[in-house]
$ cat upload_8.tsv   # TSV, C-alpha atoms
chain	number	residue	atom	x	y	z
A	1	GLY	CA	-26.77	6.25	47.49
A	2	LYS	CA	-25.09	4.23	44.77
A	3	GLY	CA	-21.98	4.97	42.76
A	4	PRO	CA	-21.62	4.51	38.99
A	5	ASN	CA	-19.61	1.28	39.36
A	6	GLU	CA	-22.33	-0.29	41.52
A	7	LEU	CA	-25.03	0.74	39.07
A	8	ALA	CA	-22.95	-0.58	36.15
A	9	ARG	CA	-22.58	-3.96	37.89
A	10	GLU	CA	-26.35	-4.15	38.36
A	11	VAL	CA	-26.85	-3.43	34.66
A	12	ALA	CA	-24.30	-6.11	33.66
A	13	ALA	CA	-25.86	-8.70	36.01
A	14	GLY	CA	-29.29	-8.38	34.41
A	15	GLY	CA	-32.33	-9.32	36.45
A	16	PRO	CA	-35.34	-7.26	37.47
A	17	SER	CA	-33.29	-4.29	38.72
A	18	ALA	CA	-31.16	-3.93	35.56
A	19	GLY	CA	-33.59	-1.59	33.78
A	20	ARG	CA	-33.91	0.72	36.78
A	21	ALA	CA	-30.14	0.72	37.31
A	22	ARG	CA	-29.50	1.63	33.68
A	23	ARG	CA	-31.99	4.53	33.86
A	24	GLU	CA	-30.36	5.79	37.06
A	25	LEU	CA	-26.89	5.48	35.55
A	26	LEU	CA	-27.91	7.45	32.45
A	27	CYS	CA	-29.56	10.13	34.62
A	28	MET	CA	-26.45	10.26	36.78
A	29	VAL	CA	-24.21	10.76	33.76
A	30	ALA	CA	-26.46	13.46	32.27
A	31	ARG	CA	-26.61	15.29	35.61
A	32	GLY	CA	-22.86	14.92	36.07
A	33	ILE	CA	-22.14	16.47	32.67
A	34	ASP	CA	-24.46	19.41	33.36
A	35	CYS	CA	-23.02	19.92	36.85
A	36	SER	CA	-19.40	19.75	35.72
A	37	LEU	CA	-19.97	22.11	32.80
A	38	SER	CA	-21.88	24.49	35.06
A	39	GLN	CA	-19.00	24.44	37.55
A	40	MET	CA	-16.47	25.04	34.80
A	41	MET	CA	-18.31	27.61	32.66
A	42	GLU	CA	-20.54	29.42	35.17
A	43	THR	CA	-19.34	29.21	38.80
A	44	GLY	CA	-15.63	28.95	37.98
A	45	VAL	CA	-14.99	26.47	40.84
A	46	MET	CA	-14.78	22.86	39.69
A	47	HIS	CA	-14.46	19.46	41.40
A	48	ALA	CA	-11.20	18.28	39.84
A	49	ASP	CA	-11.44	14.57	40.70
A	50	PRO	CA	-14.90	13.25	39.72
A	51	HIS	CA	-13.91	9.56	39.57
A	52	PRO	CA	-16.58	6.87	40.23
A	53	GLY	CA	-15.73	6.70	43.92
A	54	ASN	CA	-16.50	10.40	44.36
A	55	LEU	CA	-19.98	10.35	42.82
A	56	LEU	CA	-23.21	9.04	44.33
A	57	TRP	CA	-26.76	8.88	42.99
A	58	THR	CA	-29.05	9.45	45.98
A	59	PRO	CA	-32.39	7.65	46.52
A	60	ASP	CA	-34.26	10.92	45.90
A	61	GLY	CA	-32.66	11.33	42.46
A	62	ARG	CA	-29.85	13.79	43.17
A	63	LEU	CA	-26.15	13.69	42.33
A	64	ALA	CA	-23.78	13.96	45.29
A	65	TYR	CA	-20.08	14.88	44.98
A	66	LEU	CA	-17.73	13.46	47.61
A	67	ASP	CA	-14.17	14.38	48.67
A	68	LEU	CA	-13.79	18.07	47.94
A	69	GLY	CA	-10.05	18.00	48.62
A	70	LEU	CA	-9.13	18.66	45.00
A	71	LEU	CA	-10.78	21.69	43.42
A	72	THR	CA	-9.68	23.97	40.63
A	73	ARG	CA	-10.62	27.55	39.91
A	74	VAL	CA	-11.27	28.54	36.29
A	75	GLU	CA	-10.82	32.25	35.62
A	76	ARG	CA	-13.40	34.13	33.55
A	77	ALA	CA	-11.09	34.53	30.55
A	78	HIS	CA	-10.37	30.80	30.54
A	79	GLN	CA	-14.08	29.98	30.86
A	80	VAL	CA	-14.83	32.06	27.78
A	81	ALA	CA	-11.91	30.51	25.90
A	82	PHE	CA	-13.08	26.97	26.69
A	83	LEU	CA	-16.64	27.83	25.70
A	84	SER	CA	-15.33	29.25	22.45
A	85	ALA	CA	-13.14	26.17	21.89
A	86	VAL	CA	-16.13	23.83	22.16
A	87	VAL	CA	-17.93	25.81	19.44
A	88	HIS	CA	-14.85	25.98	17.21
A	89	ILE	CA	-14.12	22.25	17.54
A	90	VAL	CA	-17.67	21.36	16.56
A	91	LYS	CA	-17.59	23.83	13.66
A	92	GLY	CA	-14.13	22.68	12.59
A	93	ASP	CA	-12.74	26.22	12.83
A	94	LYS	CA	-9.03	25.57	13.47
A	95	ALA	CA	-8.08	29.25	13.21
A	96	GLY	CA	-10.61	30.02	15.95
A	97	LEU	CA	-9.27	27.12	18.03
A	98	VAL	CA	-5.73	28.51	17.78
A	99	GLY	CA	-7.02	31.79	19.21
A	100	ASP	CA	-8.77	29.90	22.01
A	101	LEU	CA	-5.56	28.04	22.94
A	102	GLY	CA	-3.83	31.41	23.14
A	103	CYS	CA	-6.54	32.79	25.42
A	104	MET	CA	-6.21	29.70	27.64
A	105	GLY	CA	-2.54	30.60	28.18
A	106	LEU	CA	-1.05	27.66	26.28
A	107	LEU	CA	0.80	29.52	23.51
A	108	LYS	CA	4.02	31.46	23.62
A	109	PRO	CA	4.22	34.90	21.95
A	110	SER	CA	6.64	33.45	19.38
A	111	THR	CA	4.27	30.65	18.29
A	112	ASP	CA	3.70	30.50	14.53
A	113	ARG	CA	-0.08	30.48	14.63
A	114	GLY	CA	-0.52	29.90	10.92
A	115	GLN	CA	1.57	26.73	11.01
A	116	LEU	CA	-0.15	25.65	14.24
A	117	GLU	CA	-3.52	25.94	12.47
A	118	ALA	CA	-2.25	23.63	9.71
A	119	ASP	CA	-0.92	21.11	12.23
A	120	LEU	CA	-4.20	21.12	14.15
A	121	GLU	CA	-6.02	20.43	10.88
A	122	ALA	CA	-3.76	17.41	10.33
A	123	ALA	CA	-4.02	16.17	13.93
A	124	LEU	CA	-7.76	16.66	14.50
A	125	GLY	CA	-9.04	15.95	11.01
A	126	PRO	CA	-11.04	18.09	8.61
A	127	GLY	CA	-14.16	20.01	9.59
A	128	GLY	CA	-15.76	19.10	12.90
A	129	GLU	CA	-14.45	15.53	12.91
A	130	ALA	CA	-12.76	16.06	16.28
A	131	SER	CA	-16.10	16.56	18.04
A	132	GLY	CA	-16.84	12.88	17.39
A	133	MET	CA	-13.68	11.72	19.15
A	134	GLN	CA	-13.53	10.49	22.72
A	135	PHE	CA	-12.09	13.24	24.87
A	136	ARG	CA	-9.07	11.16	25.92
A	137	SER	CA	-8.08	10.80	22.26
A	138	LEU	CA	-8.66	14.51	21.60
A	139	VAL	CA	-6.45	15.50	24.56
A	140	LYS	CA	-3.68	13.14	23.42
A	141	ARG	CA	-3.68	14.65	19.93
A	142	LEU	CA	-3.58	18.18	21.31
A	143	ALA	CA	-0.74	17.16	23.67
A	144	LYS	CA	1.24	15.74	20.74
A	145	VAL	CA	0.89	19.03	18.86
A	146	GLY	CA	1.72	20.84	22.09
A	147	LEU	CA	5.06	19.04	22.39
A	148	LYS	CA	6.08	20.35	18.97
A	149	TYR	CA	5.15	23.93	19.86
A	150	LYS	CA	6.23	23.71	23.51
A	151	PHE	CA	2.80	24.61	24.90
A	152	THR	CA	2.71	26.00	28.42
A	153	PHE	CA	0.22	23.94	30.43
A	154	PRO	CA	-1.09	26.01	33.37
A	155	PRO	CA	-2.08	24.05	36.50
A	156	TYR	CA	-5.80	24.80	35.97
A	157	TYR	CA	-5.60	23.32	32.44
A	158	VAL	CA	-4.01	20.07	33.64
A	159	LEU	CA	-6.65	19.60	36.35
A	160	LEU	CA	-9.43	20.56	33.94
A	161	MET	CA	-8.36	18.02	31.31
A	162	ARG	CA	-7.94	15.33	33.96
A	163	SER	CA	-11.40	16.06	35.34
A	164	LEU	CA	-13.07	15.88	31.94
A	165	VAL	CA	-11.25	12.68	30.94
A	166	THR	CA	-12.31	11.11	34.26
A	167	LEU	CA	-15.89	12.25	33.80
A	168	GLU	CA	-15.98	10.78	30.30
A	169	GLY	CA	-14.78	7.47	31.74
A	170	VAL	CA	-17.78	7.48	34.10
A	171	ALA	CA	-20.10	8.31	31.20
A	172	LEU	CA	-18.75	5.41	29.14
A	173	LEU	CA	-20.06	3.02	31.80
A	174	ALA	CA	-23.56	3.98	30.68
A	175	ASP	CA	-23.00	4.77	27.00
A	176	THR	CA	-20.05	3.28	25.10
A	177	GLN	CA	-20.58	5.86	22.30
A	178	PHE	CA	-20.48	8.87	24.63
A	179	LYS	CA	-18.51	11.92	23.39
A	180	ILE	CA	-18.05	14.73	25.88
A	181	VAL	CA	-17.54	17.51	23.29
A	182	GLU	CA	-20.85	16.61	21.62
A	183	ALA	CA	-22.50	16.56	25.05
A	184	ALA	CA	-21.00	19.93	25.98
A	185	TYR	CA	-22.03	21.67	22.75
A	186	PRO	CA	-25.77	22.16	23.54
A	187	PHE	CA	-24.86	23.39	27.03
A	188	ALA	CA	-22.30	25.81	25.56
A	189	VAL	CA	-24.82	27.25	23.09
A	190	ARG	CA	-27.50	27.60	25.79
A	191	LEU	CA	-24.96	29.51	27.85
A	192	LEU	CA	-24.16	31.75	24.87
A	193	LEU	CA	-27.86	32.55	24.52
A	194	LYS	CA	-27.90	33.87	28.09
A	195	MET	CA	-24.74	35.93	27.77
A	196	ASP	CA	-24.78	39.61	26.90
A	197	SER	CA	-21.14	40.21	26.17
A	198	ASP	CA	-18.68	40.84	23.40
A	199	VAL	CA	-17.84	37.15	23.11
A	200	SER	CA	-21.34	35.75	22.56
A	201	SER	CA	-22.21	37.80	19.48
A	202	PRO	CA	-19.31	36.74	17.21
A	203	LEU	CA	-19.61	33.10	18.30
A	204	LEU	CA	-23.35	32.96	17.62
A	205	LYS	CA	-22.84	34.73	14.30
A	206	SER	CA	-20.31	32.07	13.31
A	207	LEU	CA	-22.96	29.44	13.99
A	208	LEU	CA	-25.84	31.16	12.20
A	209	PHE	CA	-24.28	33.18	9.36
A	210	ALA	CA	-22.28	31.96	6.37
A	211	PRO	CA	-18.86	33.56	5.76
A	212	GLY	CA	-20.43	35.70	3.01
A	213	GLY	CA	-23.04	37.07	5.40
A	214	GLY	CA	-26.07	34.95	4.48
A	215	PHE	CA	-28.30	33.68	7.28
A	216	GLN	CA	-28.24	29.86	7.47
A	217	VAL	CA	-31.82	29.21	8.49
A	218	SER	CA	-31.54	25.43	8.21
A	219	GLU	CA	-28.50	25.53	10.52
A	220	ALA	CA	-30.46	27.68	12.97
A	221	VAL	CA	-33.42	25.26	12.95
A	222	ASP	CA	-31.18	22.24	13.46
A	223	LEU	CA	-29.27	24.00	16.24
A	224	ALA	CA	-32.45	24.97	18.09
A	225	ASN	CA	-33.75	21.41	17.90
A	226	ARG	CA	-30.41	20.10	19.12
A	227	ILE	CA	-30.00	22.34	22.15
A	228	PHE	CA	-33.66	22.19	23.23
A	229	THR	CA	-34.41	18.47	23.02
A	230	GLU	CA	-36.91	19.08	25.84
A	231	PRO	CA	-39.24	22.09	26.17
A	232	PRO	CA	-37.40	24.78	28.16
A	233	PRO	CA	-38.90	25.78	31.52
A	234	GLY	CA	-39.69	29.29	30.31
A	235	PRO	CA	-39.52	31.54	27.26
A	236	VAL	CA	-36.09	31.46	25.63
A	237	MET	CA	-34.86	34.63	23.98
A	238	LEU	CA	-31.65	36.28	22.86
A	239	PRO	CA	-30.59	39.38	24.79
A	240	PRO	CA	-31.80	42.53	22.97
A	241	SER	CA	-28.24	43.68	22.26
A	242	LEU	CA	-27.54	40.41	20.42
A	243	VAL	CA	-30.67	40.87	18.30
A	244	ALA	CA	-29.49	44.37	17.45
A	245	ASN	CA	-26.06	43.02	16.53
A	246	PHE	CA	-27.61	40.43	14.22
A	247	LEU	CA	-29.86	42.97	12.52
A	248	ALA	CA	-27.27	45.71	12.18
A	249	PRO	CA	-23.92	43.96	11.69
A	250	GLN	CA	-21.16	45.36	9.56
A	251	GLY	CA	-20.50	44.25	5.99
A	252	ASP	CA	-23.06	42.93	3.52
A	253	THR	CA	-25.16	40.97	6.03
A	254	PRO	CA	-28.07	43.49	6.28
A	255	SER	CA	-28.67	43.51	2.52
A	256	ARG	CA	-28.33	39.72	2.42
A	257	LEU	CA	-30.90	39.40	5.21
A	258	VAL	CA	-33.36	41.58	3.32
A	259	GLU	CA	-32.78	39.67	0.10
A	260	GLU	CA	-33.22	36.29	1.80
A	261	ALA	CA	-36.18	37.31	4.00
A	262	PRO	CA	-38.88	35.47	1.96
A	263	GLY	CA	-36.88	32.24	2.01
A	264	ILE	CA	-36.27	32.57	5.76
A	265	VAL	CA	-39.99	33.09	6.40
A	266	GLU	CA	-40.81	30.12	4.16
A	267	ALA	CA	-38.49	27.95	6.29
A	268	LEU	CA	-40.07	29.25	9.51
A	269	ARG	CA	-43.46	27.89	8.40
A	270	ARG	CA	-42.25	24.29	8.45
A	271	PRO	CA	-43.19	22.04	11.41
A	272	GLU	CA	-39.56	21.22	12.22
A	273	ALA	CA	-38.89	24.94	12.78
A	274	ALA	CA	-41.28	25.22	15.74
A	275	VAL	CA	-38.55	25.54	18.39
A	276	PHE	CA	-36.52	28.12	16.44
A	277	ARG	CA	-39.72	30.01	15.57
A	278	SER	CA	-40.54	30.28	19.27
A	279	VAL	CA	-37.04	31.52	20.17
A	280	LEU	CA	-37.13	34.05	17.30
A	281	CYS	CA	-40.57	35.33	18.28
A	282	ASN	CA	-39.53	35.78	21.93
A	283	SER	CA	-36.25	37.44	20.90
A	284	LEU	CA	-37.88	39.93	18.53
A	285	GLY	CA	-40.55	40.65	21.13
A	286	GLY	CA	-37.85	41.28	23.75
A	287	TYR	CA	-35.98	43.57	21.39
A	288	LEU	CA	-39.12	45.60	20.62
A	289	ALA	CA	-39.90	45.82	24.33
A	290	SER	CA	-36.39	47.08	25.08
A	291	LEU	CA	-36.99	50.00	22.69
A	292	ILE	CA	-40.34	51.07	24.12
A	293	THR	CA	-39.96	50.35	27.84
A	294	PRO	CA	-38.92	53.31	30.04
A	295	GLY	CA	-35.25	52.95	30.82
A	296	GLY	CA	-34.96	50.20	28.18
A	297	GLY	CA	-32.86	50.14	25.09
A	298	ALA	CA	-31.27	47.24	23.32
A	299	GLY	CA	-27.83	47.88	24.70
A	300	PRO	CA	-24.53	48.01	22.79
A	301	CYS	CA	-24.82	47.87	18.98
A	302	PRO	CA	-22.44	48.06	16.05
A	303	PRO	CA	-22.11	51.39	14.25
A	304	GLY	CA	-25.56	52.46	13.12
A	305	GLY	CA	-27.27	51.78	16.42
A	306	ASN	CA	-30.73	50.54	17.22
A	307	ALA	CA	-32.35	52.72	14.54
A	308	SER	CA	-30.34	50.92	11.87
A	309	ALA	CA	-31.28	47.53	13.33
A	310	ALA	CA	-34.96	48.46	13.39
A	311	GLY	CA	-34.66	49.68	9.80
A	312	VAL	CA	-33.22	46.34	8.66
A	313	ALA	CA	-36.05	44.51	10.43
A	314	ALA	CA	-38.65	46.69	8.68
A	315	ARG	CA	-37.02	46.11	5.28
A	316	CYS	CA	-36.96	42.34	5.89
A	317	LEU	CA	-40.64	42.42	6.78
A	318	ALA	CA	-41.53	44.48	3.71
A	319	ARG	CA	-39.56	42.11	1.50
A	320	ALA	CA	-41.32	39.08	2.95
A	321	PHE	CA	-44.74	40.72	2.50
A	322	SER	CA	-43.99	40.94	-1.23
A	323	ARG	CA	-44.98	37.25	-1.37
A	324	PRO	CA	-48.80	37.06	-0.98
A	325	GLN	CA	-48.66	33.35	-0.07
A	326	LEU	CA	-46.72	34.30	3.07
A	327	TRP	CA	-49.25	36.85	4.32
A	328	PRO	CA	-51.30	34.57	6.65
A	329	PHE	CA	-48.20	33.26	8.41
A	330	LEU	CA	-46.55	36.69	8.58
A	331	VAL	CA	-49.61	38.37	10.08
A	332	SER	CA	-49.84	35.67	12.74
A	333	PHE	CA	-46.11	35.74	13.49
A	334	VAL	CA	-45.90	39.54	13.71
A	335	ALA	CA	-48.94	39.57	15.99
A	336	GLN	CA	-47.24	37.06	18.29
A	337	CYS	CA	-44.04	39.14	18.36
A	338	VAL	CA	-46.00	42.30	19.21
A	339	ALA	CA	-48.00	40.49	21.88
A	340	ARG	CA	-44.77	39.22	23.42
A	341	ALA	CA	-43.32	42.74	23.35
A	342	VAL	CA	-46.42	44.14	25.06
A	343	CYS	CA	-46.26	41.48	27.79
A	344	ILE	CA	-42.58	42.13	28.46
A	345	SER	CA	-43.13	45.91	28.42
A	346	LEU	CA	-46.01	45.65	30.87
A	347	GLU	CA	-43.95	43.52	33.23
A	348	ALA	CA	-41.01	45.94	32.99
A	349	GLY	CA	-43.30	48.94	33.21
A	350	TRP	CA	-44.86	47.77	36.46
A	351	GLY	CA	-41.37	47.26	37.88
A	352	TRP	CA	-40.35	50.74	36.72
A	353	LEU	CA	-43.46	52.31	38.26
A	354	ALA	CA	-42.88	50.38	41.49
A	355	SER	CA	-39.31	51.66	41.68
A	356	LEU	CA	-40.57	55.24	41.25
A	357	TRP	CA	-43.19	54.70	43.94

$ encode --input "upload_8.tsv" --output "C-alpha cells"
Amino acid sequence: GKGPNELAREVAAGGPSAGRARRELLCMVARGIDCSLSQMMETGVMHADPHPGNLLWTPDGRLAYLDLGLLTRVERAHQVAFLSAVVHIVKGDKAGLVGDLGCMGLLKPSTDRGQLEADLEAALGPGGEASGMQFRSLVKRLAKVGLKYKFTFPPYYVLLMRSLVTLEGVALLADTQFKIVEAAYPFAVRLLLKMDSDVSSPLLKSLLFAPGGGFQVSEAVDLANRIFTEPPPGPVMLPPSLVANFLAPQGDTPSRLVEEAPGIVEALRRPEAAVFRSVLCNSLGGYLASLITPGGGAGPCPPGGNASAAGVAARCLARAFSRPQLWPFLVSFVAQCVARAVCISLEAGWGWLASLW
C-alpha cells in the first residue's frame, strides 16, 4: 500500500499517475475521517496516533491503520458530549458548548459558566464561525480560554485532540481548505438519526425547530441534502420515539406545527426537498407501524403520550388539506406513508409470528 505522503508526492510531481494518486488520497482522507469518527463516537476505542506513517491505502481500496501501540478509550458520556459539541459549534450555541465542556470533564464545579460563555463567544467568534476554522486553530483558542478558567484536561481529551489535529494534517495534504468540524457534522447528524436516547431528541430539535417552537423546514431540507450527499444504502428514518417527541413536545410547538402545516407541505413539494421528503415519509411510516404492530409502540414520549402525538399529526394533516391546491401532493404523500407503514408492519408481524411459533 501507499501512505498519504507518498500519494501527495505523486500528485505534486504531476505526470500520468497524478490524477489517480489525487483520487486515492481524497478517498483515503474521506475514509480516514469516517473511520476515526466511528472509532470515537461509536466503538469508543480510538487509534490515538494516526500520523501519515501509520496510514496506508491498500491496492484493493481499503484503509489500513498501523502501529496500534497508542490507543485511547472514549467513555459513553464523553462520546455524547463530543457529538453534542460538534452540533453546538456548527450552530454557534456557546451556552450548549459550555455544557458539553462540563460533560467532557474539563470544568471545575466553581467555574462561572455565564462568563465562560461570553469568553467563548469572544474567542470563537459569533454564530457558527468556529466550524470554519482549522481544528488546530480551534484547539488553540479553546486552550487559551482553558488557561484562564484552569480547565482540567483528562488524558483521553489530550489524546483525542492530538489525534484529530494529526488527522486534519493528513487531510490537508489532499485539500488545503479541509475543516474537520465541517467534515464531522454530517457524520454526527447521521449518528443522531440512529440514536434512540434522551440526548438525540433535544439536539435534533435544536437543529430543526426555532427557539419559539416553529419548524424550520428550509433548515431541515438543507440539512438532509448536506448529510446525504449520496443516496443512502437503505431507507433512512427517525426512531419512532423521536417522531413522537417532535409531534408531542412541550410548549407551543404543537400549535405552531398545526399553524405552519400548509407552508411545510408547500416546501415539501419542491424538487430540492426530495431527500428530506423521503426521510419524513419513512419516519412517519415507521411511527405508524410502531403503533399498529403487535408488541410495537413508539417508545418514550413527553407528557401526553403517543395519543397526543397522533392527534397533532391528524390536526396538521387536516390543516394542510384546507388548501385545495395541496390535495394531489398530500394524497400521494399520505399513501406513501401508509404503504411504508404496512411494509414495516408486515415485516415486524412475520417476525412476531415466527417468535410465537

$ residues_around --input "upload_8.tsv" --residues "range 167-179 of chain A" --least-positions-apart "2" --cutoff "10 Å" --atoms "only C-alpha atoms" --output "PDB file with C-alpha atoms, in the coordinates of the input"
ATOM      1  CA  GLY A   3     -21.980   4.970  42.760  1.00  0.00           C
ATOM      2  CA  PRO A   4     -21.620   4.510  38.990  1.00  0.00           C
ATOM      3  CA  ASN A   5     -19.610   1.280  39.360  1.00  0.00           C
ATOM      4  CA  LEU A   7     -25.030   0.740  39.070  1.00  0.00           C
ATOM      5  CA  ALA A   8     -22.950  -0.580  36.150  1.00  0.00           C
ATOM      6  CA  ARG A   9     -22.580  -3.960  37.890  1.00  0.00           C
ATOM      7  CA  VAL A  11     -26.850  -3.430  34.660  1.00  0.00           C
ATOM      8  CA  ALA A  21     -30.140   0.720  37.310  1.00  0.00           C
ATOM      9  CA  ARG A  22     -29.500   1.630  33.680  1.00  0.00           C
ATOM     10  CA  ARG A  23     -31.990   4.530  33.860  1.00  0.00           C
ATOM     11  CA  GLU A  24     -30.360   5.790  37.060  1.00  0.00           C
ATOM     12  CA  LEU A  25     -26.890   5.480  35.550  1.00  0.00           C
ATOM     13  CA  LEU A  26     -27.910   7.450  32.450  1.00  0.00           C
ATOM     14  CA  CYS A  27     -29.560  10.130  34.620  1.00  0.00           C
ATOM     15  CA  MET A  28     -26.450  10.260  36.780  1.00  0.00           C
ATOM     16  CA  VAL A  29     -24.210  10.760  33.760  1.00  0.00           C
ATOM     17  CA  ALA A  30     -26.460  13.460  32.270  1.00  0.00           C
ATOM     18  CA  GLY A  32     -22.860  14.920  36.070  1.00  0.00           C
ATOM     19  CA  ILE A  33     -22.140  16.470  32.670  1.00  0.00           C
ATOM     20  CA  SER A  36     -19.400  19.750  35.720  1.00  0.00           C
ATOM     21  CA  ALA A  48     -11.200  18.280  39.840  1.00  0.00           C
ATOM     22  CA  ASP A  49     -11.440  14.570  40.700  1.00  0.00           C
ATOM     23  CA  PRO A  50     -14.900  13.250  39.720  1.00  0.00           C
ATOM     24  CA  HIS A  51     -13.910   9.560  39.570  1.00  0.00           C
ATOM     25  CA  PRO A  52     -16.580   6.870  40.230  1.00  0.00           C
ATOM     26  CA  LEU A  55     -19.980  10.350  42.820  1.00  0.00           C
ATOM     27  CA  SER A 131     -16.100  16.560  18.040  1.00  0.00           C
ATOM     28  CA  GLY A 132     -16.840  12.880  17.390  1.00  0.00           C
ATOM     29  CA  MET A 133     -13.680  11.720  19.150  1.00  0.00           C
ATOM     30  CA  GLN A 134     -13.530  10.490  22.720  1.00  0.00           C
ATOM     31  CA  PHE A 135     -12.090  13.240  24.870  1.00  0.00           C
ATOM     32  CA  ARG A 136      -9.070  11.160  25.920  1.00  0.00           C
ATOM     33  CA  MET A 161      -8.360  18.020  31.310  1.00  0.00           C
ATOM     34  CA  ARG A 162      -7.940  15.330  33.960  1.00  0.00           C
ATOM     35  CA  SER A 163     -11.400  16.060  35.340  1.00  0.00           C
ATOM     36  CA  LEU A 164     -13.070  15.880  31.940  1.00  0.00           C
ATOM     37  CA  VAL A 165     -11.250  12.680  30.940  1.00  0.00           C
ATOM     38  CA  VAL A 181     -17.540  17.510  23.290  1.00  0.00           C
ATOM     39  CA  GLU A 182     -20.850  16.610  21.620  1.00  0.00           C
ATOM     40  CA  ALA A 183     -22.500  16.560  25.050  1.00  0.00           C
ATOM     41  CA  ALA A 184     -21.000  19.930  25.980  1.00  0.00           C
TER      42      ALA A 184
END

$ atom_distance --input "upload_8.tsv" --atom1 "CA of Trp57 in chain A" --atom2 "CA of Thr72 in chain A"
22.9 Å

$ closest_residue --input "upload_8.tsv" --among "A:Arg113, A:Arg62, A:Arg20, A:Lys150" --to "Cys35 in chain A" --atoms "only C-alpha atoms"
A:Arg62

$ closest_residue --input "upload_8.tsv" --among "A:His47, A:Val80, A:Leu204, A:Ala313" --to "Ala64 in chain A" --atoms "only C-alpha atoms"
A:His47

$ closest_residue --input "upload_8.tsv" --among "A:Glu117, A:Glu266, A:Glu75, A:Glu129" --to "Val145 in chain A" --atoms "all atoms listed in the file"
A:Glu117

$ residues_around --input "upload_8.tsv" --residues "range 269-272 of chain A" --least-positions-apart "3" --cutoff "10 Å" --atoms "only C-alpha atoms" --output "mmCIF file with C-alpha atoms, keeping the file's coordinate frame"
data_model
loop_
_atom_site.group_PDB
_atom_site.id
_atom_site.type_symbol
_atom_site.label_atom_id
_atom_site.label_comp_id
_atom_site.auth_asym_id
_atom_site.auth_seq_id
_atom_site.Cartn_x
_atom_site.Cartn_y
_atom_site.Cartn_z
ATOM 1 C CA SER A 218 -31.540 25.430 8.210
ATOM 2 C CA VAL A 221 -33.420 25.260 12.950
ATOM 3 C CA ASP A 222 -31.180 22.240 13.460
ATOM 4 C CA ALA A 224 -32.450 24.970 18.090
ATOM 5 C CA ASN A 225 -33.750 21.410 17.900
ATOM 6 C CA ILE A 264 -36.270 32.570 5.760
ATOM 7 C CA VAL A 265 -39.990 33.090 6.400
ATOM 8 C CA GLU A 266 -40.810 30.120 4.160
ATOM 9 C CA VAL A 275 -38.550 25.540 18.390
ATOM 10 C CA PHE A 276 -36.520 28.120 16.440
ATOM 11 C CA ARG A 277 -39.720 30.010 15.570
ATOM 12 C CA LEU A 326 -46.720 34.300 3.070
ATOM 13 C CA PHE A 329 -48.200 33.260 8.410
ATOM 14 C CA LEU A 330 -46.550 36.690 8.580
ATOM 15 C CA PHE A 333 -46.110 35.740 13.490
#

$ residues_around --input "upload_8.tsv" --residues "Phe82 in chain A" --least-positions-apart "5" --cutoff "8 Å" --atoms "only C-alpha atoms" --output "list in words"
Met41, Asp100 and Met104 of chain A

$ closest_residue --input "upload_8.tsv" --among "A:Met195, A:Leu268, A:Ala244, A:Arg315" --to "Leu284 in chain A" --atoms "only C-alpha atoms"
A:Ala244

$ closest_residue --input "upload_8.tsv" --among "A:Ser290, A:Ser308, A:Ser322, A:Asn282" --to "Ala339 in chain A" --atoms "only C-alpha atoms"
A:Asn282

$ closest_residue --input "upload_8.tsv" --among "A:Lys140, A:Lys2, A:Lys194, A:Arg226" --to "Pro240 in chain A" --atoms "all atoms listed in the file"
A:Lys194

$ residues_near_point --input "upload_8.tsv" --point "(-3.7, 30.9, 6.6)" --cutoff "12 Å" --atoms "only C-alpha atoms" --output "ChimeraX atom specification"
/A:93-96,98,112-119,121

$ atom_distance --input "upload_8.tsv" --atom1 "CA of Ile292 in chain A" --atom2 "CA of Ile344 in chain A"
10.2 Å

$ atom_distance --input "upload_8.tsv" --atom1 "CA of Gly99 in chain A" --atom2 "CA of Val87 in chain A"
12.4 Å

$ residues_around --input "upload_8.tsv" --residues "Ala143 in chain A" --least-positions-apart "5" --cutoff "12 Å" --atoms "all atoms listed in the file" --output "PDB file with C-alpha atoms, in the coordinates of the input"
ATOM      1  CA  LEU A 101      -5.560  28.040  22.940  1.00  0.00           C
ATOM      2  CA  LEU A 106      -1.050  27.660  26.280  1.00  0.00           C
ATOM      3  CA  LEU A 120      -4.200  21.120  14.150  1.00  0.00           C
ATOM      4  CA  ALA A 123      -4.020  16.170  13.930  1.00  0.00           C
ATOM      5  CA  LEU A 124      -7.760  16.660  14.500  1.00  0.00           C
ATOM      6  CA  ARG A 136      -9.070  11.160  25.920  1.00  0.00           C
ATOM      7  CA  SER A 137      -8.080  10.800  22.260  1.00  0.00           C
ATOM      8  CA  LEU A 138      -8.660  14.510  21.600  1.00  0.00           C
ATOM      9  CA  LYS A 148       6.080  20.350  18.970  1.00  0.00           C
ATOM     10  CA  TYR A 149       5.150  23.930  19.860  1.00  0.00           C
ATOM     11  CA  LYS A 150       6.230  23.710  23.510  1.00  0.00           C
ATOM     12  CA  PHE A 151       2.800  24.610  24.900  1.00  0.00           C
ATOM     13  CA  THR A 152       2.710  26.000  28.420  1.00  0.00           C
ATOM     14  CA  PHE A 153       0.220  23.940  30.430  1.00  0.00           C
ATOM     15  CA  TYR A 157      -5.600  23.320  32.440  1.00  0.00           C
ATOM     16  CA  VAL A 158      -4.010  20.070  33.640  1.00  0.00           C
ATOM     17  CA  MET A 161      -8.360  18.020  31.310  1.00  0.00           C
TER      18      MET A 161
END

$ residues_around --input "upload_8.tsv" --residues "Val189 in chain A" --least-positions-apart "3" --cutoff "8 Å" --atoms "only C-alpha atoms" --output "VMD selection string"
chain A and resid 87 185 to 186 192 to 193 227

$ axis_aligned_box --input "upload_8.tsv" --around "range 140-149 of chain A" --padding-each-side "5 Å" --output "lines of an AutoDock Vina configuration file"
center_x = 1.2
center_y = 18.5
center_z = 21.3
size_x = 19.8
size_y = 20.8
size_z = 14.8
